[in-house]
$ cat protein-v9.txt   # compact mmCIF, C-alpha atoms and all ligand atoms
# COMPACT_ATOMS: atom_id res chain seq x y z
CA ASP A 1 -11.42 12.95 -16.68
CA ILE A 2 -11.59 16.33 -14.96
CA TYR A 3 -13.71 16.86 -11.82
CA PRO A 4 -14.40 20.08 -9.90
CA THR A 5 -12.68 18.79 -6.75
CA ALA A 6 -10.51 15.93 -5.51
CA LYS A 7 -13.48 14.57 -3.58
CA ASP A 8 -15.65 14.40 -6.70
CA GLY A 9 -12.92 12.60 -8.63
CA SER A 10 -12.26 10.21 -5.76
CA ARG A 11 -15.96 9.36 -5.46
CA ALA A 12 -16.15 8.54 -9.16
CA VAL A 13 -13.13 6.22 -8.94
CA ALA A 14 -14.54 4.57 -5.79
CA GLN A 15 -17.75 3.89 -7.73
CA GLU A 16 -15.74 2.34 -10.53
CA ILE A 17 -13.89 0.08 -8.09
CA ALA A 18 -17.14 -0.87 -6.35
CA ALA A 19 -18.72 -1.80 -9.68
CA LEU A 20 -15.75 -4.01 -10.56
CA ILE A 21 -15.83 -5.72 -7.15
CA LYS A 22 -19.58 -6.42 -7.46
CA GLU A 23 -19.30 -7.68 -11.02
CA ARG A 24 -16.65 -10.19 -9.90
CA GLN A 25 -18.65 -11.13 -6.80
CA ALA A 26 -21.61 -11.99 -8.99
CA ALA A 27 -19.36 -14.31 -11.01
CA ASN A 28 -17.76 -15.71 -7.83
CA LYS A 29 -14.37 -14.39 -8.86
CA GLN A 30 -11.61 -12.39 -7.24
CA VAL A 31 -10.53 -8.92 -8.24
CA VAL A 32 -6.91 -7.79 -8.01
CA LEU A 33 -6.26 -4.12 -7.24
CA GLY A 34 -2.95 -2.29 -7.35
CA LEU A 35 -2.89 0.42 -4.68
CA ALA A 36 -0.94 3.60 -4.07
CA THR A 37 -0.06 5.68 -1.01
CA GLY A 38 0.62 9.38 -0.46
CA SER A 39 -1.90 12.12 0.22
CA THR A 40 -3.57 11.69 -3.20
CA PRO A 41 -5.57 8.46 -2.66
CA LYS A 42 -6.74 9.34 0.87
CA TYR A 43 -10.21 10.49 -0.21
CA LEU A 44 -10.56 7.42 -2.40
CA TYR A 45 -9.84 5.10 0.53
CA ALA A 46 -12.16 7.10 2.78
CA GLU A 47 -14.90 6.71 0.20
CA LEU A 48 -14.30 2.95 -0.11
CA VAL A 49 -14.52 2.67 3.69
CA ARG A 50 -17.79 4.63 3.56
CA LEU A 51 -19.17 2.32 0.86
CA HIS A 52 -18.27 -0.64 3.06
CA LYS A 53 -19.80 0.78 6.24
CA GLU A 54 -22.87 2.48 4.83
CA GLU A 55 -23.68 0.48 1.73
CA GLY A 56 -22.32 -2.94 2.67
CA LEU A 57 -19.70 -3.16 -0.05
CA SER A 58 -17.68 -6.29 0.76
CA PHE A 59 -13.98 -6.75 0.02
CA LYS A 60 -13.90 -10.49 0.71
CA ASN A 61 -13.11 -11.25 -2.93
CA VAL A 62 -10.47 -8.51 -3.21
CA LEU A 63 -6.72 -9.02 -3.40
CA THR A 64 -4.45 -5.97 -3.30
CA PHE A 65 -0.82 -5.23 -4.06
CA ASN A 66 0.72 -1.93 -3.08
CA LEU A 67 3.17 -0.13 -5.28
CA ASP A 68 5.94 0.73 -2.90
CA GLU A 69 7.48 1.13 0.54
CA TYR A 70 10.47 2.95 1.96
CA TYR A 71 13.58 0.90 2.67
CA PRO A 72 14.52 0.31 5.34
CA ILE A 73 11.49 1.05 7.50
CA GLU A 74 9.59 -0.69 10.28
CA PRO A 75 5.95 -1.46 9.36
CA ASP A 76 4.67 0.45 12.38
CA ALA A 77 6.78 3.57 11.74
CA LEU A 78 4.66 6.69 11.26
CA GLN A 79 5.81 7.09 7.66
CA SER A 80 5.53 3.42 6.70
CA TYR A 81 3.22 2.66 3.78
CA ASN A 82 2.31 -0.60 5.52
CA ARG A 83 0.96 1.45 8.41
CA PHE A 84 -0.67 3.99 6.08
CA MET A 85 -2.65 1.31 4.26
CA LYS A 86 -3.90 -0.26 7.50
CA GLU A 87 -4.92 3.09 8.92
CA GLN A 88 -6.53 4.43 5.77
CA LEU A 89 -8.17 1.27 4.45
CA PHE A 90 -7.45 -2.30 5.54
CA ASN A 91 -8.39 -1.88 9.23
CA HIS A 92 -11.80 -0.52 8.27
CA ILE A 93 -12.99 -3.04 5.66
CA ASP A 94 -13.59 -6.80 5.55
CA ILE A 95 -10.64 -7.72 3.33
CA PRO A 96 -9.21 -11.05 4.56
CA ALA A 97 -5.86 -10.68 6.38
CA GLY A 98 -3.91 -12.70 3.80
CA ASN A 99 -5.31 -10.78 0.84
CA TYR A 100 -3.25 -7.59 0.94
CA PHE A 101 0.40 -7.12 0.19
CA VAL A 102 2.57 -4.08 0.81
CA PRO A 103 6.31 -4.41 0.14
CA ASP A 104 8.28 -5.31 3.26
CA GLY A 105 10.79 -2.64 4.23
CA THR A 106 12.41 -4.69 6.99
CA LEU A 107 14.28 -7.40 5.09
CA PRO A 108 18.05 -7.67 5.19
CA LYS A 109 19.52 -6.32 1.96
CA GLU A 110 20.71 -9.69 0.69
CA LYS A 111 17.12 -10.99 0.83
CA VAL A 112 15.51 -8.12 -1.09
CA LYS A 113 16.17 -9.45 -4.60
CA GLU A 114 14.55 -12.77 -3.91
CA TYR A 115 11.67 -11.01 -2.16
CA THR A 116 10.94 -8.59 -5.00
CA ALA A 117 11.00 -11.44 -7.55
CA GLU A 118 8.53 -13.28 -5.33
CA TYR A 119 6.31 -10.17 -5.11
CA GLU A 120 6.18 -10.09 -8.88
CA ARG A 121 5.39 -13.83 -9.07
CA ARG A 122 2.59 -13.42 -6.55
CA ILE A 123 0.93 -10.78 -8.70
CA GLU A 124 1.17 -13.04 -11.72
CA ALA A 125 -0.16 -16.04 -9.79
CA ALA A 126 -3.16 -13.93 -8.78
CA GLY A 127 -3.89 -13.42 -12.48
CA GLY A 128 -2.35 -9.94 -12.78
CA ILE A 129 -3.68 -6.59 -11.64
CA ASP A 130 -7.17 -5.72 -12.92
CA LEU A 131 -7.06 -2.09 -11.87
CA GLN A 132 -4.00 -0.12 -10.81
CA ILE A 133 -4.38 3.15 -8.89
CA LEU A 134 -1.48 5.58 -9.21
CA GLY A 135 -0.48 8.95 -7.80
CA ILE A 136 2.19 11.09 -9.40
CA GLY A 137 5.29 12.74 -7.96
CA THR A 138 6.07 16.32 -8.96
CA ASN A 139 9.00 14.92 -10.98
CA GLY A 140 6.67 12.50 -12.78
CA HIS A 141 7.52 9.42 -10.76
CA ILE A 142 4.94 6.66 -10.44
CA GLY A 143 5.35 4.36 -7.47
CA PHE A 144 8.96 5.16 -6.74
CA ASN A 145 10.02 4.81 -10.38
CA GLU A 146 12.10 7.94 -10.68
CA PRO A 147 13.01 9.60 -14.01
CA GLY A 148 15.26 7.27 -15.99
CA SER A 149 13.39 4.12 -14.94
CA THR A 150 12.81 1.94 -17.98
CA LEU A 151 9.65 0.30 -19.22
CA THR A 152 11.29 -3.08 -18.64
CA SER A 153 11.95 -2.44 -14.93
CA HIS A 154 10.60 -4.95 -12.40
CA THR A 155 9.82 -4.74 -8.70
CA ARG A 156 13.14 -3.75 -7.16
CA LEU A 157 15.14 -1.69 -4.71
CA VAL A 158 15.68 1.88 -5.96
CA THR A 159 17.48 5.02 -4.86
CA LEU A 160 15.18 7.99 -4.23
CA ASP A 161 15.84 11.25 -6.03
CA HIS A 162 16.86 14.17 -3.87
CA ASN A 163 13.72 16.09 -4.80
CA THR A 164 11.51 13.12 -3.85
CA ARG A 165 13.21 12.99 -0.46
CA GLN A 166 12.66 16.74 -0.16
CA ALA A 167 9.00 16.46 -1.18
CA ASN A 168 8.43 13.70 1.39
CA ALA A 169 10.55 15.26 4.15
CA PHE A 170 7.45 16.79 5.78
CA GLU A 171 6.47 13.28 6.91
CA PHE A 172 9.77 12.90 8.77
CA SER A 173 11.46 15.10 11.35
CA ASN A 174 13.94 16.33 8.73
CA ILE A 175 15.31 15.31 5.34
CA SER A 176 18.19 13.30 6.82
CA GLN A 177 15.55 10.97 8.31
CA VAL A 178 13.99 10.18 4.90
CA PRO A 179 15.22 6.77 3.75
CA ARG A 180 17.51 6.89 0.72
CA LEU A 181 16.06 3.72 -0.75
CA ALA A 182 12.66 2.23 -1.49
CA ILE A 183 11.13 -0.95 -2.86
CA THR A 184 8.83 -0.26 -5.79
CA MET A 185 6.90 -2.18 -8.40
CA GLY A 186 8.64 -1.62 -11.71
CA LEU A 187 7.21 0.12 -14.73
CA SER A 188 6.80 -3.26 -16.46
CA THR A 189 4.86 -4.48 -13.41
CA ILE A 190 2.59 -1.43 -13.55
CA PHE A 191 2.18 -1.70 -17.32
CA LYS A 192 0.93 -5.27 -17.05
CA ALA A 193 -2.15 -3.97 -15.21
CA LYS A 194 -5.23 -4.33 -17.42
CA ARG A 195 -6.43 -0.87 -16.48
CA ILE A 196 -4.65 2.09 -14.90
CA VAL A 197 -6.16 5.14 -13.19
CA LEU A 198 -3.76 7.92 -12.19
CA LEU A 199 -5.05 10.49 -9.68
CA ALA A 200 -3.73 14.04 -9.30
CA TRP A 201 -5.10 16.96 -7.32
CA GLY A 202 -4.03 20.55 -6.81
CA THR A 203 -2.13 23.27 -8.63
CA HIS A 204 1.24 21.85 -7.56
CA LYS A 205 0.52 18.88 -9.87
CA ALA A 206 -0.65 20.96 -12.86
CA LYS A 207 2.74 21.23 -14.52
CA ILE A 208 3.66 17.57 -14.27
CA VAL A 209 0.15 16.55 -15.40
CA ARG A 210 0.64 18.65 -18.52
CA ARG A 211 4.09 17.20 -19.20
CA SER A 212 2.74 13.66 -18.70
CA VAL A 213 -0.33 14.07 -20.90
CA GLU A 214 0.79 16.51 -23.58
CA GLY A 215 4.57 16.10 -23.57
CA HIS A 216 6.70 13.49 -25.29
CA SER A 217 6.42 10.01 -23.89
CA SER A 218 9.86 9.75 -22.31
CA ASP A 219 11.50 7.93 -19.42
CA GLN A 220 12.55 11.35 -18.12
CA VAL A 221 8.90 11.73 -17.06
CA PRO A 222 7.87 8.18 -16.06
CA ALA A 223 4.13 9.07 -15.99
CA SER A 224 4.34 10.17 -19.64
CA LEU A 225 5.13 6.56 -20.56
CA LEU A 226 1.52 5.79 -19.61
CA GLN A 227 0.53 7.29 -22.98
CA GLN A 228 1.65 3.93 -24.33
CA HIS A 229 -0.70 1.89 -22.13
CA PRO A 230 -3.87 0.65 -23.90
CA ASP A 231 -6.26 1.44 -21.03
CA CYS A 232 -5.07 4.29 -18.84
CA LYS A 233 -6.83 7.43 -17.72
CA PHE A 234 -5.95 10.41 -15.55
CA VAL A 235 -8.57 11.49 -13.06
CA ILE A 236 -7.72 15.03 -11.98
CA ASP A 237 -9.34 18.05 -10.38
CA GLU A 238 -9.71 21.46 -12.01
CA GLN A 239 -6.60 22.76 -10.28
CA ALA A 240 -4.40 19.96 -11.62
CA ALA A 241 -5.93 20.59 -15.07
CA GLU A 242 -5.03 24.28 -15.02
CA GLU A 243 -2.17 23.98 -17.50
CA LEU A 244 -3.82 21.68 -20.02
C1 LIG B 1 5.18 9.32 -3.16
C2 LIG B 1 4.77 7.87 -3.51
C3 LIG B 1 4.03 7.83 -4.82
C4 LIG B 1 3.03 8.95 -4.81
C5 LIG B 1 3.75 10.28 -4.91
C6 LIG B 1 2.86 11.49 -4.74
O1 LIG B 1 6.54 9.49 -2.93
N1 LIG B 1 5.84 6.91 -3.55
O2 LIG B 1 3.44 6.54 -4.97
O3 LIG B 1 2.17 8.84 -5.89
O4 LIG B 1 4.88 10.32 -4.09
O5 LIG B 1 2.58 11.77 -3.40
P1 LIG B 1 1.32 12.63 -2.98
O6 LIG B 1 0.13 11.81 -3.33
O7 LIG B 1 1.46 12.81 -1.49
O8 LIG B 1 1.39 13.89 -3.75
$ encode --input "protein-v9.txt" --output "structure tokens"
Amino acid sequence: DIYPTAKDGSRAVAQEIAALIKERQAANKQVVLGLATGSTPKYLYAELVRLHKEEGLSFKNVLTFNLDEYYPIEPDALQSYNRFMKEQLFNHIDIPAGNYFVPDGTLPKEKVKEYTAEYERRIEAAGGIDLQILGIGTNGHIGFNEPGSTLTSHTRLVTLDHNTRQANAFEFSNISQVPRLAITMGLSTIFKAKRIVLLAWGTHKAKIVRRSVEGHSSDQVPASLLQQHPDCKFVIDEQAAEEL
């Protein structure tokens, strides 16, 4: 779906999420959301906060799992995705404290494998992700699944590509401060979501949006693998649609 601006697209997705939450509330059921970080979903979270504050949308029946986190990183570090999610969303809504999960970037390395397997099990125990929100890296990564990640990959520790570290360096004092590793949901984890919505805004995303939507479905562009998912859509603004 193409919208005039990022705000318009974000509002539409927020409405979709709100409708899903209400539908489940009416049936006394939980809803499981997969969430993303980065600059892309900021408007979406702002709109969800607005719906909570101004229209009384409740998140009491919502469970969330975030895609990724740097490793290692302290949860209160400025660049931490744990901190980002609290600041952008969780601190401003009524989601119960035990209902949101963001990968932990503080574990000792020998504990990470067990932890990521547990993260995966937790998602399954919750009944799987109903709706997964994604952003896209300029190299086509989703979460931190860099080019070459396979469709069978699980939640795991990965090495960041140099260009991802470069792209994210603005958040840190310089590139040497950007962690070399990250914990990310795998492509198989993401693919198990019943529904996927990928967001992309701005001309700097136009090229990778085209390669993902119109190019071959290949692990060299992880987002292009989404062509194989039964219920996935891209919600983009006119600038990101420029090359389609
Ligand atoms: C980051 C995140 C991704 C995100 C992407 C795009 O590195 N790990 O989950 O989708 O890169 O970031 P942005 O939304 O700031 O363009």
$ closest_residue --input "protein-v9.txt" --among "A:His216, A:Arg165, A:Arg195, A:Lys207" --to "ligand LIG 1 (chain B)" --atoms "all atoms listed in the file"
A:Arg165
$ closest_residue --input "protein-v9.txt" --among "A:Ala169, A:Leu199, A:Ala18, A:Leu131" --to "A:Val235" --atoms "only C-alpha atoms"
A:Leu199
$ closest_residue --input "protein-v9.txt" --among "A:Gln30, A:Ser218, A:Gln166, A:Asn145" --to "A:Ser188" --atoms "all atoms listed in the file"
A:Asn145
$ closest_residue --input "protein-v9.txt" --among "A:Glu114, A:Glu146, A:Asp104, A:Glu238" --to "A:Leu160" --atoms "all atoms listed in the file"
A:Glu146
$ atom_distance --input "protein-v9.txt" --atom1 "atom CA of A:Pro179" --atom2 "atom CA of A:Thr159"
9.1 Å
$ residues_near_ligand --input "protein-v9.txt" --ligand "ligand LIG 1 (chain B)" --cutoff "9 Å" --atoms "all atoms listed in the file" --output "count of residues only"
37
$ closest_residue --input "protein-v9.txt" --among "A:Val31, A:Ala223, A:Ile95, A:Ile208" --to "A:Glu243" --atoms "all atoms listed in the file"
A:Ile208
$ residues_near_point --input "protein-v9.txt" --point "(-15.6, 6.4, -8.3)" --cutoff "12 Å" --atoms "all atoms listed in the file" --output "PyMOL selection string"
chain A and resi 1+3+6-20+41+43-48+51+133+197+199+235
$ atom_distance --input "protein-v9.txt" --atom1 "atom CA of A:Leu181" --atom2 "atom CA of A:Gly148"
15.7 Å
$ closest_residue --input "protein-v9.txt" --among "A:His92, A:His229, A:Lys29, A:Arg83" --to "A:Arg50" --atoms "only C-alpha atoms"
A:His92
$ atom_distance --input "protein-v9.txt" --atom1 "atom CA of A:Phe59" --atom2 "atom CA of A:Asn91"
11.8 Å
